[in-house]
Amino acid sequence: MSAMLLKAENLSKEYRSGAEVVRAVRSLSLEVDSGDFLIINGPSGSGKTTLLNLLGLIDRPTSGEIYLEGRATSRLSPRSLADLRLRRIGLIFQTFNLISVLSAYENVEYPLLLLRMKPRERRRRVMELLEAVGLADLAHRRPEQLSGGQRQRVGIARALAAGPALVLADEPTANLDSENSQRVMDLLAELNARLGVACVVVTHDPLVTKYARRIAHLRDGQLQEGSLNGV
Ligand SMILES: Nc1ncnc2c1ncn2[C@@H]1O[C@H](COP(=O)(O)OP(=O)(O)OP(=O)(O)O)[C@@H](O)[C@H]1O
Ligand SMILES: [Mg+2]
């Protein structure tokens, strides 16, 4: 039996600019168990990034509640949210979001510094992660000295550094060629299979869809679970 990791209840997000209101996510409910590999797809503007930002506790919903490991998050302070995110959630962004003045090594090390991991353990962990993504030799390079695929793999190593229970990825292969896409997905699939890390991946990439254990479609801010057989 896998345990419930994340539960979103009646989640809504409205963006207001002047008189205009955009309802990006509408009364959406979702459960993610440890060990899940959920793929979410949907047309541009359907609310995918908005939803991931809510689930990743980066952005707050207009209404509704998100429970992470049974704990309601809507009333937590920004500081508690940041701490929870750091320890339990790994975020992989479409545009990598690496820190440009830091090396690959330092980017991966960053969350471990925030966690106050001891230097020796930290060094071992960073090298282990860079090896896992095939970048140990390029540890000293800054993002601008790396290819898109290499940058994405640094982003993944960073997302995994703190040993998250949940990985959220927004079109992680959108900027990668098929070989790098395969590599990145194999890495996530291995973590999922070996450590039971739950993955929620927003994508349109058919190469990614074949890794799914569940698939859901987002349309107009609402989620509809689909069957894997039809894919
Ligand atoms: N900060 C914001 N202010 C106002 N409207 C926003 C904001 N962010 C997103 N939106 C709107 O919310 C809706 C959902 O946007 P979102 O970025 O979540 O879509 P998406 O599914 O990720 O699209 P894409 O596939 O193009 O990345 C869109 O109509 C978008 O214009
Ligand atoms: Mg998006």
# chains A, B, ... in the order shown; residues from 1 in each chain; ligands from 1
$ residues_near_ligand --ligand "ligand 1" --cutoff "8 Å" --atoms "only C-alpha atoms and all ligand atoms" --output "PyMOL selection string"
chain A and resi 14-17+21-25+42-51+218+221
$ closest_atom_pairs --of "stretch 3-100 of chain A" --to "stretch 140-145 of chain A" --cutoff "10 Å" --atoms "only C-alpha atoms" --output "tab-separated table"
residue	atom	partner	partner_atom	distance
A:Phe96	CA	A:Pro143	CA	9.5
A:Asn97	CA	A:Pro143	CA	9.8
A:Leu98	CA	A:Pro143	CA	6.9
A:Ile99	CA	A:Pro143	CA	7.7
A:Ser100	CA	A:Pro143	CA	5.8
$ select_by_dssp --residues "stretch 56-178 of chain A" --states "strand (DSSP E or B)" --output "ChimeraX atom specification"
/A:63-68,71-72,89-92,166-170
$ closest_residue --among "A:Ala161, A:Ala3, A:Cys199, A:Ile92" --to "A:Arg125" --atoms "only C-alpha atoms"
A:Ala161
$ closest_residue --among "A:Arg75, A:Arg116, A:His204, A:Arg87" --to "A:Ala159" --atoms "only C-alpha atoms"
A:Arg87
$ atom_distance --atom1 "atom CA of A:Pro172" --atom2 "atom CA of A:Pro111"
19.8 Å
$ residues_around --residues "A:Ser74" --least-positions-apart "3" --cutoff "8 Å" --atoms "only C-alpha atoms" --output "PyMOL selection string"
chain A and resi 60+65-66
$ closest_residue --among "A:Leu76, A:Leu52, A:Leu38, A:Leu138" --to "ligand 2" --atoms "only C-alpha atoms and all ligand atoms"
A:Leu52
$ closest_residue --among "A:Leu188, A:Val32, A:Ala104, A:Ala216" --to "A:Ala169" --atoms "only C-alpha atoms"
A:Leu188
